[in-house]
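Student: work24.csv is the file, holding CSV, C-alpha atoms:
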```csv
chain,number,residue,atom,x,y,z
A,1007,MET,CA,60.8,-19.4,81.8
A,1008,ASN,CA,58.0,-20.5,84.2
A,1009,PRO,CA,58.4,-20.4,88.0
A,1010,VAL,CA,59.1,-24.2,88.3
A,1011,HIS,CA,61.8,-24.1,85.6
A,1012,ARG,CA,63.3,-21.0,87.2
A,1013,ASP,CA,63.5,-22.7,90.6
A,1014,ILE,CA,65.0,-25.9,89.1
A,1015,PHE,CA,67.7,-23.8,87.3
A,1016,ARG,CA,68.5,-21.9,90.5
A,1017,ALA,CA,68.6,-25.2,92.5
A,1018,ILE,CA,71.1,-26.7,90.1
A,1019,HIS,CA,73.4,-23.7,89.7
A,1020,GLU,CA,73.2,-22.5,93.3
A,1021,GLY,CA,73.0,-25.8,95.1
A,1022,LYS,CA,69.6,-25.0,96.6
A,1023,TRP,CA,67.0,-27.5,97.9
A,1024,LEU,CA,63.5,-27.2,96.6
A,1025,THR,CA,60.1,-27.7,98.2
A,1026,ILE,CA,57.8,-29.1,95.6
A,1027,GLU,CA,54.2,-30.3,95.1
A,1028,TYR,CA,54.2,-33.4,92.9
A,1029,ARG,CA,51.4,-35.2,91.1
A,1030,ASN,CA,52.4,-38.9,90.8
A,1031,ARG,CA,51.1,-41.7,88.5
A,1032,GLN,CA,48.2,-42.3,90.9
A,1033,GLU,CA,47.1,-38.7,90.5
A,1034,GLN,CA,48.0,-38.1,94.2
A,1035,VAL,CA,49.5,-34.7,95.0
A,1036,THR,CA,52.3,-35.0,97.6
A,1037,ARG,CA,54.9,-32.5,99.1
A,1038,HIS,CA,58.6,-33.1,99.2
A,1039,TRP,CA,62.0,-31.5,99.9
A,1040,ILE,CA,64.3,-32.5,97.0
A,1041,GLY,CA,68.0,-32.1,96.3
A,1042,ILE,CA,68.7,-32.4,92.6
A,1043,HIS,CA,71.5,-34.8,91.4
A,1044,SER,CA,71.1,-34.5,87.6
A,1045,LEU,CA,68.8,-33.3,84.8
A,1046,ASP,CA,67.7,-35.3,81.8
A,1047,ILE,CA,66.6,-32.7,79.3
A,1048,ARG,CA,65.3,-35.2,76.7
A,1049,ARG,CA,63.1,-37.0,79.2
A,1050,ARG,CA,62.3,-33.8,81.0
A,1051,SER,CA,63.1,-35.5,84.3
A,1052,LEU,CA,65.3,-35.1,87.4
A,1053,SER,CA,67.3,-37.5,89.5
A,1054,VAL,CA,66.9,-36.4,93.2
A,1055,GLU,CA,67.2,-37.2,96.8
A,1056,GLY,CA,63.7,-36.6,98.2
A,1057,PHE,CA,62.2,-36.2,101.7
A,1058,HIS,CA,58.5,-37.0,101.8
A,1059,LEU,CA,56.9,-34.3,104.0
A,1060,GLY,CA,53.9,-36.6,104.8
A,1061,LEU,CA,55.6,-39.9,105.4
A,1062,TYR,CA,58.9,-38.6,106.7
A,1063,THR,CA,61.0,-40.9,104.4
A,1064,LEU,CA,64.2,-40.0,102.7
A,1065,GLU,CA,64.9,-41.8,99.5
A,1066,ILE,CA,66.8,-41.6,96.2
A,1067,TYR,CA,64.6,-41.4,93.1
A,1068,ASP,CA,66.2,-42.0,89.7
A,1069,ARG,CA,63.5,-40.1,87.8
A,1070,ILE,CA,60.8,-37.6,88.6
A,1071,TYR,CA,59.1,-35.6,85.8
A,1072,ILE,CA,59.4,-31.9,85.6
A,1073,ASP,CA,55.9,-31.6,84.0
A,1074,SER,CA,54.4,-33.3,87.1
A,1075,ILE,CA,55.8,-30.7,89.5
A,1076,LEU,CA,52.8,-28.4,90.2
A,1077,SER,CA,54.7,-25.8,92.3
A,1078,SER,CA,58.1,-25.2,93.7
A,1079,ARG,CA,60.1,-23.0,96.1
A,1080,ALA,CA,63.8,-22.7,96.4
A,1081,ARG,CA,65.1,-23.1,100.0
A,1082,GLU,CA,68.0,-21.0,101.1
A,1083,GLN,CA,68.8,-23.6,103.8
A,1084,LEU,CA,67.3,-26.5,105.6
A,1085,ILE,CA,67.0,-26.3,109.4
A,1086,VAL,CA,66.1,-29.3,111.4
A,1087,LEU,CA,65.2,-28.8,115.1
A,1088,VAL,CA,65.9,-31.9,117.0
A,1089,SER,CA,67.3,-33.2,120.3
A,1090,GLU,CA,70.6,-34.8,119.3
A,1091,LYS,CA,70.5,-36.9,122.5
A,1092,ASN,CA,67.1,-38.3,121.8
A,1093,LEU,CA,67.9,-38.7,118.1
A,1094,GLU,CA,71.0,-40.9,118.9
A,1095,ARG,CA,69.0,-42.8,121.6
A,1096,LEU,CA,66.2,-43.6,119.1
A,1097,HIS,CA,68.5,-44.4,116.2
A,1098,GLN,CA,68.7,-48.1,115.4
A,1099,GLN,CA,72.2,-48.9,114.2
A,1100,GLU,CA,71.2,-52.0,112.4
A,1101,GLY,CA,68.0,-50.7,110.8
A,1102,GLU,CA,66.9,-48.0,108.4
A,1103,ASP,CA,66.3,-44.6,109.9
A,1104,ASP,CA,65.3,-41.9,107.4
A,1105,LEU,CA,65.1,-39.1,109.9
A,1106,TYR,CA,68.6,-39.8,111.2
A,1107,ASP,CA,69.8,-39.9,107.5
A,1108,LEU,CA,68.2,-36.5,106.9
A,1109,VAL,CA,69.7,-34.9,110.0
A,1110,ARG,CA,73.2,-36.2,109.0
A,1111,TYR,CA,72.6,-34.9,105.4
A,1112,VAL,CA,71.6,-31.4,106.6
A,1113,ARG,CA,74.4,-31.2,109.3
A,1114,SER,CA,77.0,-32.1,106.7
A,1115,ASN,CA,75.6,-29.7,104.1
A,1116,GLY,CA,75.0,-32.6,101.7
A,1117,ALA,CA,78.3,-34.3,102.1
A,1118,SER,CA,76.9,-37.4,103.7
A,1119,LYS,CA,75.3,-40.1,101.6
A,1120,VAL,CA,71.7,-41.3,101.7
A,1121,ALA,CA,71.5,-45.1,101.6
A,1122,SER,CA,70.0,-46.4,98.3
A,1123,LYS,CA,66.9,-48.5,98.9
A,1124,PRO,CA,63.6,-49.2,97.1
A,1125,ALA,CA,61.1,-46.3,97.1
A,1126,ARG,CA,58.5,-48.0,99.3
A,1127,SER,CA,55.9,-45.3,99.2
A,1128,ARG,CA,56.0,-44.9,95.4
A,1129,ALA,CA,55.3,-41.3,96.3
A,1130,LEU,CA,57.0,-39.9,93.3
A,1131,GLY,CA,55.5,-42.4,90.9
A,1132,ILE,CA,57.9,-45.3,91.0
A,1133,LYS,CA,56.5,-48.3,89.1
A,1134,SER,CA,55.9,-51.6,90.9
A,1135,PHE,CA,57.8,-53.5,88.2
A,1136,SER,CA,61.6,-53.2,88.0
A,1137,THR,CA,63.7,-51.2,85.6
A,1138,LYS,CA,65.2,-54.6,84.5
A,1139,THR,CA,61.7,-55.8,83.5
A,1140,GLU,CA,61.1,-52.6,81.6
A,1141,GLU,CA,64.4,-52.9,79.8
A,1142,ALA,CA,63.8,-56.5,78.9
A,1143,PHE,CA,60.4,-55.6,77.5
A,1144,LEU,CA,62.0,-52.8,75.4
A,1145,ARG,CA,64.6,-55.2,74.0
A,1146,ASN,CA,61.9,-57.8,73.1
A,1147,LEU,CA,59.7,-55.1,71.5
A,1148,THR,CA,62.5,-53.7,69.4
A,1149,HIS,CA,63.7,-57.1,68.4
A,1150,ALA,CA,60.2,-58.2,67.4
A,1151,LEU,CA,59.8,-55.0,65.2
A,1152,GLU,CA,63.1,-55.6,63.5
A,1153,ASN,CA,62.2,-59.2,62.7
A,1154,ILE,CA,58.7,-58.4,61.5
A,1155,TRP,CA,60.0,-55.7,59.1
A,1156,LEU,CA,63.3,-57.5,58.4
A,1157,SER,CA,65.9,-55.0,57.3
A,1158,GLN,CA,63.6,-52.1,57.0
A,1159,SER,CA,64.2,-49.5,59.7
A,1160,ARG,CA,60.7,-48.3,59.7
A,1161,PHE,CA,59.9,-48.3,63.4
A,1162,THR,CA,61.6,-47.1,66.5
A,1163,VAL,CA,60.5,-47.3,70.2
A,1164,GLU,CA,60.7,-44.7,72.9
A,1165,LYS,CA,59.7,-45.2,76.5
A,1166,GLU,CA,58.2,-42.9,79.1
A,1167,VAL,CA,56.8,-40.4,76.6
A,1168,ALA,CA,54.7,-37.5,77.7
A,1169,VAL,CA,51.1,-37.6,76.4
A,1170,SER,CA,51.5,-34.0,75.2
A,1171,GLN,CA,54.5,-35.0,73.1
A,1172,VAL,CA,52.6,-37.7,71.3
A,1173,PHE,CA,49.5,-35.6,70.4
A,1174,GLU,CA,49.3,-32.0,69.6
A,1175,ASP,CA,45.9,-31.1,70.8
A,1176,ASN,CA,44.0,-32.0,74.0
A,1177,VAL,CA,40.8,-32.7,72.0
A,1178,ASN,CA,38.9,-34.3,74.8
A,1179,TYR,CA,40.1,-31.8,77.4
A,1180,SER,CA,41.6,-34.5,79.7
A,1181,ASP,CA,43.6,-33.4,82.7
A,1182,LEU,CA,46.0,-36.2,82.1
A,1183,PHE,CA,47.0,-34.8,78.7
A,1184,TYR,CA,49.7,-32.5,80.3
A,1185,SER,CA,50.7,-34.7,83.3
A,1186,GLY,CA,50.5,-38.3,82.0
A,1187,ARG,CA,53.0,-40.5,80.2
A,1188,PHE,CA,52.8,-43.5,78.0
A,1189,ASP,CA,55.1,-46.4,78.9
A,1190,PHE,CA,56.2,-47.1,75.3
A,1191,VAL,CA,55.4,-45.4,72.0
A,1192,VAL,CA,56.2,-47.0,68.6
A,1193,TYR,CA,57.1,-44.4,66.0
A,1194,GLU,CA,57.1,-44.9,62.2
A,1195,GLN,CA,59.7,-43.3,60.1
A,1196,ILE,CA,58.2,-41.5,57.0
A,1197,GLY,CA,60.6,-39.5,55.0
A,1198,ASP,CA,62.5,-37.2,57.3
A,1199,GLY,CA,60.0,-37.3,60.0
A,1200,LYS,CA,58.7,-39.8,62.6
A,1201,TYR,CA,55.1,-40.2,63.6
A,1202,PRO,CA,53.5,-42.1,66.5
A,1203,ALA,CA,52.0,-45.4,65.3
A,1204,LEU,CA,51.2,-47.3,68.4
A,1205,VAL,CA,51.0,-46.9,72.2
A,1206,ILE,CA,51.9,-49.8,74.5
A,1207,GLU,CA,51.3,-49.9,78.3
A,1208,LEU,CA,53.1,-52.4,80.5
A,1209,ASP,CA,50.7,-53.2,83.4
A,1210,GLY,CA,51.4,-54.6,86.9
A,1211,LYS,CA,48.8,-55.9,89.2
A,1212,GLU,CA,47.8,-52.4,90.4
A,1213,HIS,CA,46.3,-51.8,87.0
A,1214,PHE,CA,43.7,-54.5,87.9
A,1215,GLU,CA,43.2,-53.8,91.6
A,1216,ASP,CA,43.8,-50.1,92.3
A,1217,GLU,CA,40.8,-47.9,91.4
A,1218,VAL,CA,42.9,-44.7,91.0
A,1219,VAL,CA,45.3,-46.5,88.6
A,1220,MET,CA,42.4,-48.0,86.7
A,1221,ALA,CA,40.7,-44.6,86.4
A,1222,ARG,CA,44.0,-43.1,85.0
A,1223,ASP,CA,44.2,-46.0,82.5
A,1224,ARG,CA,40.7,-45.2,81.3
A,1225,LYS,CA,41.7,-41.6,80.7
A,1226,LYS,CA,44.7,-42.8,78.6
A,1227,GLN,CA,42.4,-45.0,76.6
A,1228,GLU,CA,40.0,-42.1,76.0
A,1229,ILE,CA,42.9,-39.8,74.9
A,1230,CYS,CA,44.1,-42.5,72.4
A,1231,HIS,CA,40.6,-43.1,71.2
A,1232,ALA,CA,40.0,-39.4,70.6
A,1233,HIS,CA,43.2,-39.3,68.5
A,1234,GLN,CA,42.4,-42.6,66.7
A,1235,MET,CA,45.6,-44.2,68.2
A,1236,GLU,CA,45.7,-47.8,69.1
A,1237,LEU,CA,46.7,-48.5,72.7
A,1238,ILE,CA,47.8,-52.1,73.6
A,1239,ARG,CA,48.1,-53.2,77.2
A,1240,VAL,CA,50.5,-56.0,78.1
A,1241,GLU,CA,50.7,-57.6,81.5
A,1242,ASN,CA,54.3,-57.2,82.9
A,1243,THR,CA,54.5,-61.0,83.5
A,1244,TYR,CA,54.8,-61.3,79.7
A,1245,ALA,CA,57.6,-58.6,79.5
A,1246,ARG,CA,60.3,-61.2,78.9
A,1247,ARG,CA,58.3,-63.4,76.4
A,1248,TYR,CA,59.5,-62.4,73.0
A,1249,GLN,CA,57.1,-64.6,71.0
A,1250,HIS,CA,54.1,-63.2,72.9
A,1251,MET,CA,55.2,-59.7,72.0
A,1252,LYS,CA,55.8,-60.7,68.4
A,1253,ARG,CA,52.4,-62.3,68.0
A,1254,ILE,CA,50.7,-59.1,69.3
A,1255,LEU,CA,52.6,-56.9,66.9
A,1256,GLU,CA,52.0,-59.2,63.9
A,1257,ALA,CA,48.2,-59.2,64.7
A,1258,TYR,CA,48.3,-55.4,64.9
A,1259,PHE,CA,50.2,-54.8,61.7
A,1260,LYS,CA,48.0,-57.3,59.8
A,1261,MET,CA,44.9,-55.4,61.0
A,1262,MET,CA,46.4,-52.0,60.0
A,1263,HIS,CA,47.8,-53.0,56.7
```
Render the structure in this file as structure tokens.

Tutor:
Amino acid sequence: MNPVHRDIFRAIHEGKWLTIEYRNRQEQVTRHWIGIHSLDIRRRSLSVEGFHLGLYTLEIYDRIYIDSILSSRAREQLIVLVSEKNLERLHQQEGEDDLYDLVRYVRSNGASKVASKPARSRALGIKSFSTKTEEAFLRNLTHALENIWLSQSRFTVEKEVAVSQVFEDNVNYSDLFYSGRFDFVVYEQIGDGKYPALVIELDGKEHFEDEVVMARDRKKQEICHAHQMELIRVENTYARRYQHMKRILEAYFKMMH
């Protein structure tokens, strides 16, 4: 068991907080305090309450990836040194106040609740498009595959798949091989096994404007090219357009078969 896994195990079973260094989707390394709510073994992810140690924001994150945690340290306790008089004076009753929320959380030993709100900083890799958009795209993608192949259950789709789970070897020695994830992977059922057939990325505007994101996209393309795997990029504005997705898949399968 590596040190990060050991700290996560301890945090869950002993109710400890963790200090972590995390590499997000933009390849930025940030530091956080996190309290773990739940563990998803299949996706190798955690649901957490996280306090960003650079931005001083306290937020709820539905999913952070264990493989993207670079280092961790279990905290026996959290101590916040603050003037309660000034804290109350500065607190705005009608507005959001992350520091106030954190102090209440520590004071109550985790009994108080952190208000759910969008992760503004995207510090832990939150995508710019909504989960609903992602789910709508997954439904359209699955439905299109079923219609193209009629009753044959040849293909299945999985989302948020680690690059290292799709390919066995890091043939082009990319640093993204062990930390990156593909939005969607189409698997083909052959006999008793399933094999990756197609990678699909759902892109928001940051994929056309943000140099860091664009550089990461190029690395994904290089990885797929090195493994002779097709990668198709779809703008998220088309996520709910079933016919658009079906036409893309039909063109792909016509080319491959």

Student: State, in Å with one decimal place, the distance from CA of Lys1165 (chain A) to CA of Val1035 (chain A).

Tutor: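 If I compute the distance from CA of Lys1165 (chain A) to CA of Val1035 (chain A), I get 23.6 Å.
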
Student: Excluding region 1242-1252 of chain A and its own-chain neighbours fewer than 5 positions away, which residues fall within 6 Å of it when counting all atoms listed in the file? Please give them as number ranges by chain.

Tutor: A: 1142-1143, 1146, 1150, 1208-1210

Student: Give the answer as one residue: which of A:Ala1080, A:Lys1226, A:Tyr1067, A:Phe1188 has the shortest atom-to-atom distance to Glu1020 (chain A), using all atoms listed in the file?

Tutor: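 Once distances to Glu1020 (chain A) are computed over all atoms listed in the file, the minimum belongs to A:Ala1080.
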
Student: With distances taken over only C-alpha atoms, which of A:Val1218, A:Ile1075, A:Ile1196, A:Leu1255 is nearest to His1038 (chain A)?

Tutor: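 Closest residue, counting only C-alpha atoms: A:Ile1075.
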
Student: Work out how far apart CA of Ile1072 (chain A) and CA of Arg1050 (chain A) are and give it in Å to one decimal.

Tutor: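 CA of Arg1050 (chain A) lies at a distance of 5.8 Å from CA of Ile1072 (chain A).
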
Student: Hey, which of A:Phe1015, A:Phe1259, A:Phe1214, A:Tyr1184 ends up closest to Glu1236 (chain A)? Count only C-alpha atoms.

Tutor: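 Closest residue, counting only C-alpha atoms: A:Phe1259.
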
Student: Quick one: distance from CA of Phe1190 (chain A) to CA of Asp1223 (chain A) in Å, one decimal?

Tutor: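 Pair CA of Phe1190 (chain A) / CA of Asp1223 (chain A) returns 14.0 Å.
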
Student: Looking at only C-alpha atoms, which of A:Glu1141, A:Glu1241, A:Lys1022, A:Tyr1028 is the one that sits closest to Glu1212 (chain A)?

Tutor: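 The answer is A:Glu1241, which sits nearest to Glu1212 (chain A).
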
Student: Near Ala1203 (chain A), within 7 Å and counting all atoms listed in the file, which residues show up once chain neighbours fewer than 2 positions away are dropped, as a PyMOL selection string?

Tutor: chain A and resi 1192-1194+1201

Student: Have a look at A:Ile1206, A:Ala1257, A:Met1262, A:Val1054 and name the one nearest to Arg1239 (chain A); count all atoms listed in the file.

Tutor: A:Ile1206
